[in-house]
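Novice: This is final.txt (compact mmCIF, C-alpha atoms).
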# COMPACT_ATOMS: atom_id res chain seq x y z
CA MET O 1 -12.02 11.93 -18.99
CA VAL O 2 -12.85 8.27 -19.54
CA ASP O 3 -10.38 5.56 -20.54
CA SER O 4 -10.95 2.69 -22.95
CA HIS O 5 -11.94 0.43 -20.05
CA GLY O 6 -14.74 2.71 -18.85
CA ARG O 7 -12.92 4.23 -15.85
CA THR O 8 -13.42 7.94 -15.17
CA VAL O 9 -10.50 10.10 -14.06
CA ARG O 10 -11.33 12.29 -11.06
CA ASP O 11 -7.94 12.48 -9.33
CA LEU O 12 -4.90 14.22 -10.83
CA ARG O 13 -1.47 13.84 -9.27
CA ILE O 14 0.99 16.51 -10.33
CA SER O 15 4.66 16.11 -9.44
CA ILE O 16 6.01 19.63 -9.02
CA THR O 17 9.66 18.60 -8.53
CA ASP O 18 11.82 15.50 -8.82
CA ARG O 19 14.13 16.80 -6.06
CA CYS O 20 14.08 15.14 -2.65
CA ASN O 21 16.09 15.48 0.56
CA PHE O 22 15.61 11.77 1.35
CA ARG O 23 17.03 8.79 -0.54
CA CYS O 24 14.56 6.10 0.52
CA VAL O 25 15.77 2.58 -0.20
CA TYR O 26 12.57 1.69 -2.10
CA CYS O 27 12.76 4.79 -4.28
CA MET O 28 15.98 6.65 -4.93
CA GLU O 29 19.65 5.71 -4.92
CA PRO O 30 22.14 8.29 -3.57
CA ASP O 31 23.61 8.92 -7.03
CA VAL O 32 20.35 9.84 -8.76
CA ARG O 33 20.69 12.88 -11.03
CA PHE O 34 17.82 15.35 -11.12
CA ALA O 35 16.30 16.83 -14.25
CA PRO O 36 17.56 20.25 -15.41
CA GLN O 37 15.51 23.03 -13.85
CA GLU O 38 14.46 24.39 -17.23
CA SER O 39 12.84 21.06 -18.12
CA LEU O 40 10.47 21.19 -15.15
CA LEU O 41 6.99 22.65 -15.34
CA THR O 42 6.65 26.29 -14.32
CA VAL O 43 4.12 27.54 -11.79
CA ASP O 44 1.88 28.89 -14.56
CA GLU O 45 2.06 25.59 -16.45
CA ILE O 46 1.13 23.58 -13.35
CA VAL O 47 -1.83 25.86 -12.64
CA ARG O 48 -3.01 25.71 -16.23
CA ILE O 49 -2.89 21.92 -16.28
CA ALA O 50 -4.99 21.80 -13.12
CA ALA O 51 -7.56 24.20 -14.60
CA VAL O 52 -7.88 22.24 -17.85
CA ALA O 53 -8.13 18.99 -15.94
CA GLU O 54 -10.93 20.40 -13.79
CA SER O 55 -12.87 21.30 -16.94
CA LEU O 56 -12.65 17.60 -17.83
CA GLY O 57 -14.05 16.38 -14.50
CA VAL O 58 -11.04 16.22 -12.18
CA ARG O 59 -12.11 17.03 -8.62
CA LYS O 60 -8.92 16.39 -6.63
CA VAL O 61 -5.36 17.52 -7.28
CA ARG O 62 -2.50 15.97 -5.33
CA LEU O 63 0.81 17.84 -5.36
CA THR O 64 3.68 15.37 -5.14
CA GLY O 65 7.40 15.07 -5.80
CA GLY O 66 10.13 14.19 -5.17
CA GLU O 67 9.54 16.27 -2.07
CA PRO O 68 7.13 19.09 -3.00
CA THR O 69 8.03 21.27 -0.01
CA LEU O 70 11.45 21.78 -1.64
CA HIS O 71 9.77 23.78 -4.41
CA PRO O 72 10.50 27.47 -3.78
CA ALA O 73 7.14 28.54 -5.22
CA LEU O 74 4.90 25.95 -3.55
CA THR O 75 2.70 28.64 -2.00
CA ASP O 76 2.23 30.24 -5.42
CA ILE O 77 1.31 26.88 -6.95
CA ILE O 78 -1.34 26.20 -4.31
CA ALA O 79 -2.69 29.75 -4.56
CA GLY O 80 -2.81 29.60 -8.35
CA ILE O 81 -4.70 26.32 -8.46
CA ALA O 82 -7.11 27.53 -5.79
CA ALA O 83 -7.75 30.76 -7.70
CA GLU O 84 -8.36 29.05 -11.03
CA THR O 85 -10.26 25.95 -9.88
CA ARG O 86 -12.52 24.54 -7.19
CA VAL O 87 -10.66 21.25 -6.85
CA GLU O 88 -9.56 19.83 -3.51
CA ILE O 89 -5.82 20.45 -3.17
CA ALA O 90 -3.74 18.00 -1.15
CA LEU O 91 -0.01 17.64 -0.56
CA ILE O 92 2.07 14.49 -0.15
CA THR O 93 5.22 15.15 1.89
CA ASN O 94 7.91 13.59 4.07
CA ALA O 95 7.18 16.39 6.59
CA SER O 96 10.86 17.15 7.20
CA LEU O 97 10.52 20.80 6.20
CA LEU O 98 7.11 21.61 7.66
CA SER O 99 6.68 24.59 9.95
CA ARG O 100 3.64 26.26 11.46
CA LYS O 101 4.30 29.32 9.32
CA SER O 102 4.42 27.35 6.08
CA LEU O 103 1.38 25.24 6.96
CA GLN O 104 -0.62 28.36 7.81
CA ALA O 105 0.44 30.01 4.56
CA TRP O 106 -0.54 26.98 2.47
CA LYS O 107 -3.88 26.62 4.21
CA ASN O 108 -4.61 30.32 3.79
CA VAL O 109 -4.17 30.10 0.03
CA GLY O 110 -6.12 26.89 -0.48
CA LEU O 111 -4.41 23.70 0.71
CA ALA O 112 -7.01 21.29 2.11
CA ARG O 113 -5.03 18.44 3.63
CA LEU O 114 -1.76 16.52 3.86
CA THR O 115 -0.51 12.98 3.50
CA ILE O 116 2.74 12.36 5.36
CA SER O 117 5.22 9.52 4.89
CA ILE O 118 6.79 7.80 7.90
CA ASP O 119 8.44 4.41 7.48
CA SER O 120 9.88 3.84 10.96
CA LEU O 121 9.60 5.12 14.50
CA ARG O 122 13.14 4.11 15.40
CA SER O 123 15.81 6.68 14.69
CA ASP O 124 18.45 4.23 13.46
CA ARG O 125 16.02 2.50 11.12
CA PHE O 126 14.54 5.77 9.91
CA ALA O 127 18.03 6.89 8.95
CA ARG O 128 18.67 3.55 7.24
CA VAL O 129 15.44 3.57 5.23
CA THR O 130 15.55 7.26 4.26
CA ARG O 131 19.34 7.56 4.03
CA SER O 132 18.99 10.92 5.75
CA ALA O 133 19.87 12.67 8.99
CA TRP O 134 16.25 13.45 9.78
CA SER O 135 14.41 11.77 12.63
CA PRO O 136 10.93 10.26 13.06
CA ALA O 137 10.37 12.77 15.86
CA LYS O 138 10.58 15.57 13.29
CA VAL O 139 7.98 13.85 11.13
CA LEU O 140 5.64 13.37 14.09
CA GLU O 141 6.05 17.03 14.93
CA GLY O 142 4.86 17.77 11.40
CA VAL O 143 1.86 15.47 11.89
CA GLN O 144 0.80 17.33 15.02
CA MET O 145 1.29 20.74 13.42
CA SER O 146 -0.82 19.68 10.42
CA LEU O 147 -3.61 18.58 12.74
CA ASP O 148 -3.35 21.78 14.75
CA GLU O 149 -3.72 23.83 11.58
CA GLY O 150 -6.80 21.88 10.50
CA LEU O 151 -5.26 20.36 7.36
CA THR O 152 -7.38 17.27 7.79
CA PRO O 153 -7.96 14.47 7.33
CA VAL O 154 -4.24 13.83 7.76
CA LYS O 155 -3.13 10.47 6.40
CA LEU O 156 0.16 8.72 7.13
CA ASN O 157 1.93 6.38 4.72
CA ALA O 158 4.45 3.63 5.43
CA VAL O 159 6.13 1.12 3.14
CA LEU O 160 7.06 -2.05 4.99
CA ILE O 161 10.12 -3.92 3.72
CA ARG O 162 11.14 -7.28 5.09
CA GLY O 163 14.37 -7.00 7.01
CA PHE O 164 14.09 -3.21 7.30
CA ASN O 165 10.96 -2.24 9.20
CA ASP O 166 8.40 -5.04 8.81
CA ASP O 167 8.30 -5.67 12.56
CA GLU O 168 6.98 -2.14 13.20
CA ALA O 169 3.45 -2.63 11.86
CA VAL O 170 1.87 -2.47 15.31
CA GLU O 171 3.90 0.54 16.43
CA LEU O 172 3.04 2.43 13.26
CA ALA O 173 -0.63 1.42 13.46
CA ALA O 174 -0.71 2.83 16.99
CA LEU O 175 0.01 6.27 15.49
CA ALA O 176 -3.55 6.22 14.15
CA ARG O 177 -4.82 5.92 17.69
CA THR O 178 -2.42 8.51 19.10
CA PHE O 179 -3.16 11.20 16.54
CA GLY O 180 -6.66 10.26 15.36
CA VAL O 181 -5.58 9.75 11.75
CA GLU O 182 -5.51 7.03 9.10
CA MET O 183 -2.26 5.05 9.07
CA ARG O 184 -1.80 3.47 5.66
CA PHE O 185 0.53 0.61 4.77
CA ILE O 186 1.67 0.45 1.15
CA GLU O 187 3.02 -2.77 -0.29
CA TYR O 188 6.62 -2.52 -1.49
CA MET O 189 6.55 -1.99 -5.28
CA PRO O 190 9.14 -2.18 -8.09
CA LEU O 191 9.65 1.57 -8.50
CA ASP O 192 13.22 2.04 -7.27
CA SER O 193 15.86 3.85 -9.30
CA ALA O 194 18.29 0.92 -9.04
CA HIS O 195 15.72 -1.52 -10.51
CA ALA O 196 16.71 -3.86 -7.70
CA TRP O 197 13.24 -4.65 -6.36
CA ASP O 198 13.38 -7.98 -4.51
CA SER O 199 10.10 -9.85 -4.08
CA THR O 200 11.52 -11.65 -1.04
CA LYS O 201 11.45 -8.31 0.78
CA TRP O 202 7.79 -7.74 -0.09
CA VAL O 203 5.32 -7.82 2.81
CA SER O 204 1.70 -8.47 1.86
CA ALA O 205 -1.17 -6.37 3.17
CA ALA O 206 -2.67 -9.55 4.64
CA GLU O 207 0.51 -10.17 6.64
CA THR O 208 0.52 -6.58 7.87
CA ARG O 209 -3.11 -6.81 8.94
CA ALA O 210 -2.49 -10.07 10.78
CA ALA O 211 0.42 -8.52 12.68
CA ILE O 212 -1.68 -5.52 13.73
CA GLU O 213 -4.66 -7.65 14.72
CA ARG O 214 -2.57 -9.60 17.19
CA VAL O 215 -2.70 -6.42 19.26
CA PHE O 216 -5.51 -4.28 17.81
CA PRO O 217 -8.53 -6.15 16.36
CA LEU O 218 -9.74 -4.46 13.18
CA VAL O 219 -13.11 -4.23 11.44
CA ALA O 220 -13.61 -3.40 7.75
CA CYS O 221 -15.14 0.03 7.09
CA SER O 222 -18.29 0.19 5.01
CA ASP O 223 -17.72 3.70 3.63
CA ASP O 224 -14.75 3.03 1.35
CA ASP O 225 -14.69 4.86 -1.97
CA PRO O 226 -14.54 2.09 -4.63
CA SER O 227 -11.85 4.05 -6.51
CA SER O 228 -9.68 4.57 -3.43
CA THR O 229 -6.25 2.96 -3.35
CA ALA O 230 -6.75 1.92 0.28
CA ARG O 231 -9.10 -0.53 1.94
CA THR O 232 -9.76 0.96 5.34
CA LEU O 233 -10.24 -0.75 8.68
CA ARG O 234 -11.33 0.68 12.00
CA PHE O 235 -10.20 -0.36 15.46
CA ALA O 236 -12.83 -2.65 16.96
CA ASP O 237 -12.47 -1.12 20.42
CA LEU O 238 -12.97 2.49 19.26
CA PRO O 239 -16.29 4.18 18.36
CA VAL O 240 -17.49 3.62 14.79
CA GLY O 241 -16.99 7.28 13.92
CA SER O 242 -13.42 7.49 15.19
CA PRO O 243 -10.95 9.04 12.70
CA ALA O 244 -8.33 6.51 13.84
CA ARG O 245 -8.10 3.95 11.05
CA VAL O 246 -5.74 1.62 9.27
CA GLY O 247 -5.50 1.67 5.50
CA LEU O 248 -4.07 -1.16 3.42
CA ILE O 249 -2.81 -0.34 -0.06
CA ALA O 250 -2.09 -3.62 -1.80
CA PRO O 251 -1.12 -3.05 -5.46
CA VAL O 252 0.87 -6.29 -5.59
CA SER O 253 -1.39 -8.77 -3.78
CA THR O 254 -4.78 -7.17 -4.47
CA PRO O 255 -4.57 -4.79 -7.43
CA PHE O 256 -7.22 -2.07 -7.52
CA CYS O 257 -6.65 -1.18 -11.17
CA GLY O 258 -10.25 -1.94 -12.16
CA ALA O 259 -11.54 1.10 -10.26
CA CYS O 260 -8.59 3.42 -10.80
CA SER O 261 -9.57 7.09 -11.17
CA ARG O 262 -6.06 8.62 -11.34
CA LEU O 263 -3.88 10.32 -13.89
CA ARG O 264 -0.32 11.51 -13.26
CA ILE O 265 1.75 14.41 -14.57
CA THR O 266 5.51 14.21 -14.01
CA ALA O 267 7.58 17.21 -12.96
CA ASP O 268 8.87 17.56 -16.53
CA GLY O 269 5.38 17.58 -17.97
CA LYS O 270 4.81 14.01 -19.11
CA VAL O 271 1.39 12.40 -18.74
CA ARG O 272 1.45 8.92 -17.23
CA PRO O 273 -1.93 7.18 -17.43
CA CYS O 274 -0.69 4.59 -14.91
CA LEU O 275 1.99 4.62 -12.22
CA PHE O 276 3.58 1.71 -14.08
CA SER O 277 3.18 3.09 -17.59
CA THR O 278 6.12 2.48 -19.89
CA THR O 279 4.82 5.08 -22.36
CA GLU O 280 4.56 8.78 -21.53
CA TRP O 281 2.77 11.61 -23.32
CA ASP O 282 4.67 14.90 -23.67
CA LEU O 283 2.28 17.60 -22.45
CA ARG O 284 5.04 20.14 -21.80
CA SER O 285 5.76 20.53 -25.51
CA SER O 286 2.13 21.38 -26.15
CA LEU O 287 2.15 23.90 -23.32
CA ARG O 288 5.28 25.59 -24.63
CA ARG O 289 4.12 25.84 -28.20
CA CYS O 290 1.13 27.85 -26.95
CA ALA O 291 -1.54 25.19 -27.42
CA THR O 292 -5.08 26.35 -26.63
CA ASP O 293 -6.99 25.04 -23.62
CA ASP O 294 -9.14 22.99 -25.98
CA GLU O 295 -6.03 21.43 -27.50
CA LEU O 296 -4.65 20.63 -24.07
CA ALA O 297 -7.98 19.11 -23.09
CA ASP O 298 -7.98 16.92 -26.20
CA PHE O 299 -4.41 15.87 -25.39
CA LEU O 300 -5.40 14.77 -21.86
CA ILE O 301 -8.47 12.97 -23.18
CA ASP O 302 -6.37 11.05 -25.71
CA ALA O 303 -3.73 10.17 -23.11
CA THR O 304 -6.38 8.96 -20.69
CA TRP O 305 -7.87 6.72 -23.37
CA THR O 306 -4.58 4.77 -23.49
CA LYS O 307 -4.70 3.90 -19.78
CA GLN O 308 -3.77 0.25 -19.48
CA PRO O 309 -6.17 -2.22 -17.81
CA GLY O 310 -3.68 -3.02 -15.04
CA HIS O 311 -0.03 -2.86 -14.05
CA GLY O 312 0.69 -6.60 -14.19
CA ILE O 313 3.35 -6.57 -11.46
CA THR O 314 2.96 -10.32 -10.90
CA SER O 315 2.96 -11.15 -14.61
CA PRO O 316 6.07 -12.74 -16.19
CA GLU O 317 5.80 -10.04 -18.89
CA PHE O 318 5.95 -7.17 -16.39
CA VAL O 319 8.47 -4.46 -17.23
CA GLN O 320 9.44 -2.01 -14.51
CA PRO O 321 9.14 1.64 -15.57
CA GLU O 322 12.47 3.18 -16.49
CA ARG O 323 11.92 6.11 -14.15
CA PRO O 324 11.68 5.67 -10.36
CA MET O 325 8.88 6.91 -8.13
CA SER O 326 10.75 10.15 -7.40
CA ALA O 327 10.69 11.07 -11.09
CA ILE O 328 7.14 9.82 -11.67
CA GLY O 329 5.44 11.38 -8.67
CA GLY O 330 3.81 9.56 -5.75
Starting from the file, give its structure as structure tokens.
Specialist:
Amino acid sequence: MVDSHGRTVRDLRISITDRCNFRCVYCMEPDVRFAPQESLLTVDEIVRIAAVAESLGVRKVRLTGGEPTLHPALTDIIAGIAAETRVEIALITNASLLSRKSLQAWKNVGLARLTISIDSLRSDRFARVTRSAWSPAKVLEGVQMSLDEGLTPVKLNAVLIRGFNDDEAVELAALARTFGVEMRFIEYMPLDSAHAWDSTKWVSAAETRAAIERVFPLVACSDDDPSSTARTLRFADLPVGSPARVGLIAPVSTPFCGACSRLRITADGKVRPCLFSTTEWDLRSSLRRCATDDELADFLIDATWTKQPGHGITSPEFVQPERPMSAIGG
């Protein structure tokens, strides 16, 4: 699938649920209402989308939410995609519900790796950011279990927000060294359900890097994938091949739209060519009227062609998407 700007889609992100057990301040307000269960994609529909997408050149499928581990049939979804395709299957999770049993089951049926969110290492702040009763210790337990089960490379994500957790950059970066993983810092974006994004709370990737380098000097990696969302840095005092890295995802200060290779499917079956799309394409209706695989492929090709050149967050004309990240899929 190629868009009108010459970018090829290789990475499909499928939100399998809009439900979440966190209410992160940059994403979901406590009063958010979830979509009716019958409006969400079924296991068979999710698997079929992945198979059609693979036939069009997709090589990686990321299962997102909401919180995907809340889906009662997650194992069946992973198994179905693995049986019908040869794509790499990854999962993005807050790690609160991980167990060795579940991780083993997912790996056995085809899960390749995990990305885990952790926005603070301090219990009081973690509770404040996530609006939950979970603890960072539980998340770190999930990180270690994922590594033990070989679901690697494990990547960690954090969103720094001024006045919430922006002084924890060094502590979070140190997790990369402790666990031998990539710790990624994502710039705060206007994707909250309250539409209350405040640019004064935004922390640039450059500021985050500077804070980390006051303690851990960093060196740019030369093996970055041009279409990756993150620019990766290694620790200058560690061997070149060390898995411990820092990733900077800077959609606000340094947009990477020109090399974007992603397409998103929401939990209710809408195609979003861009995270910040204000127009969605209704794939679920085609699935439920028994469209053929060729028709579904044509639908995805047409939707991809409409992919906008960039999100324009810093433009005066920027319009925040109506739906928050939890409904769009991470």
Novice: Counting all atoms listed in the file, what is within 7 Å of range 293-303 of chain O, bar same-chain residues fewer than 4 positions away, as a ChimeraX atom specification?
Specialist: /O:1,52,273,281
Novice: Taking 6 positions as the minimum chain separation for residues in the same chain, which residues sit within 10 Å of range 68-76 of chain O when counting all atoms listed in the file? Answer as a PyMOL selection string.
Specialist: chain O and resi 14-21+42-44+47+82+91-98+102-103+105-111+329
Novice: Can I get the selection written as a PDB file, in the frame of the given file, with C-alpha atoms?
Specialist:
ATOM      1  CA  ILE O  14       0.990  16.510 -10.330  1.00  0.00           C
ATOM      2  CA  SER O  15       4.660  16.110  -9.440  1.00  0.00           C
ATOM      3  CA  ILE O  16       6.010  19.630  -9.020  1.00  0.00           C
ATOM      4  CA  THR O  17       9.660  18.600  -8.530  1.00  0.00           C
ATOM      5  CA  ASP O  18      11.820  15.500  -8.820  1.00  0.00           C
ATOM      6  CA  ARG O  19      14.130  16.800  -6.060  1.00  0.00           C
ATOM      7  CA  CYS O  20      14.080  15.140  -2.650  1.00  0.00           C
ATOM      8  CA  ASN O  21      16.090  15.480   0.560  1.00  0.00           C
ATOM      9  CA  THR O  42       6.650  26.290 -14.320  1.00  0.00           C
ATOM     10  CA  VAL O  43       4.120  27.540 -11.790  1.00  0.00           C
ATOM     11  CA  ASP O  44       1.880  28.890 -14.560  1.00  0.00           C
ATOM     12  CA  VAL O  47      -1.830  25.860 -12.640  1.00  0.00           C
ATOM     13  CA  ALA O  82      -7.110  27.530  -5.790  1.00  0.00           C
ATOM     14  CA  LEU O  91      -0.010  17.640  -0.560  1.00  0.00           C
ATOM     15  CA  ILE O  92       2.070  14.490  -0.150  1.00  0.00           C
ATOM     16  CA  THR O  93       5.220  15.150   1.890  1.00  0.00           C
ATOM     17  CA  ASN O  94       7.910  13.590   4.070  1.00  0.00           C
ATOM     18  CA  ALA O  95       7.180  16.390   6.590  1.00  0.00           C
ATOM     19  CA  SER O  96      10.860  17.150   7.200  1.00  0.00           C
ATOM     20  CA  LEU O  97      10.520  20.800   6.200  1.00  0.00           C
ATOM     21  CA  LEU O  98       7.110  21.610   7.660  1.00  0.00           C
ATOM     22  CA  SER O 102       4.420  27.350   6.080  1.00  0.00           C
ATOM     23  CA  LEU O 103       1.380  25.240   6.960  1.00  0.00           C
ATOM     24  CA  ALA O 105       0.440  30.010   4.560  1.00  0.00           C
ATOM     25  CA  TRP O 106      -0.540  26.980   2.470  1.00  0.00           C
ATOM     26  CA  LYS O 107      -3.880  26.620   4.210  1.00  0.00           C
ATOM     27  CA  ASN O 108      -4.610  30.320   3.790  1.00  0.00           C
ATOM     28  CA  VAL O 109      -4.170  30.100   0.030  1.00  0.00           C
ATOM     29  CA  GLY O 110      -6.120  26.890  -0.480  1.00  0.00           C
ATOM     30  CA  LEU O 111      -4.410  23.700   0.710  1.00  0.00           C
ATOM     31  CA  GLY O 329       5.440  11.380  -8.670  1.00  0.00           C
TER      32      GLY O 329
END
Novice: Under the rule that all atoms listed in the file are counted, which of O:Lys138, O:Arg214, O:Arg264, O:Arg128 is the nearest residue to Val58 in chain O?
Specialist: O:Arg264
Novice: Rounded to one decimal place, report the CA of Arg113 in chain O-CA of Val181 in chain O distance in Å.
Specialist: 11.9 Å
Novice: Do you know which residues are at most 8 Å from range 221-237 of chain O counting all atoms listed in the file, after dropping those on the same chain fewer than 5 positions away, and could you put them as a VMD selection string?
Specialist: chain O and resid 184 216 242 244 to 250 256 259 to 261
Novice: Could you please take those selected residues and save C-alpha atoms as a compact mmCIF listing (two decimals), in the frame of the given file?
Specialist:
# COMPACT_ATOMS: atom_id res chain seq x y z
CA ARG O 184 -1.80 3.47 5.66
CA PHE O 216 -5.51 -4.28 17.81
CA SER O 242 -13.42 7.49 15.19
CA ALA O 244 -8.33 6.51 13.84
CA ARG O 245 -8.10 3.95 11.05
CA VAL O 246 -5.74 1.62 9.27
CA GLY O 247 -5.50 1.67 5.50
CA LEU O 248 -4.07 -1.16 3.42
CA ILE O 249 -2.81 -0.34 -0.06
CA ALA O 250 -2.09 -3.62 -1.80
CA PHE O 256 -7.22 -2.07 -7.52
CA ALA O 259 -11.54 1.10 -10.26
CA CYS O 260 -8.59 3.42 -10.80
CA SER O 261 -9.57 7.09 -11.17
Novice: Take CA of Ala176 in chain O and CA of Leu263 in chain O and report the distance between them in Å, one decimal.
Specialist: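 It comes out at 28.3 Å.
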Novice: Rounded to one decimal place, report the CA of Asp268 in chain O-CA of Ser39 in chain O distance in Å.
Specialist: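 Taking CA of Asp268 in chain O and CA of Ser39 in chain O, their separation equals 5.5 Å.
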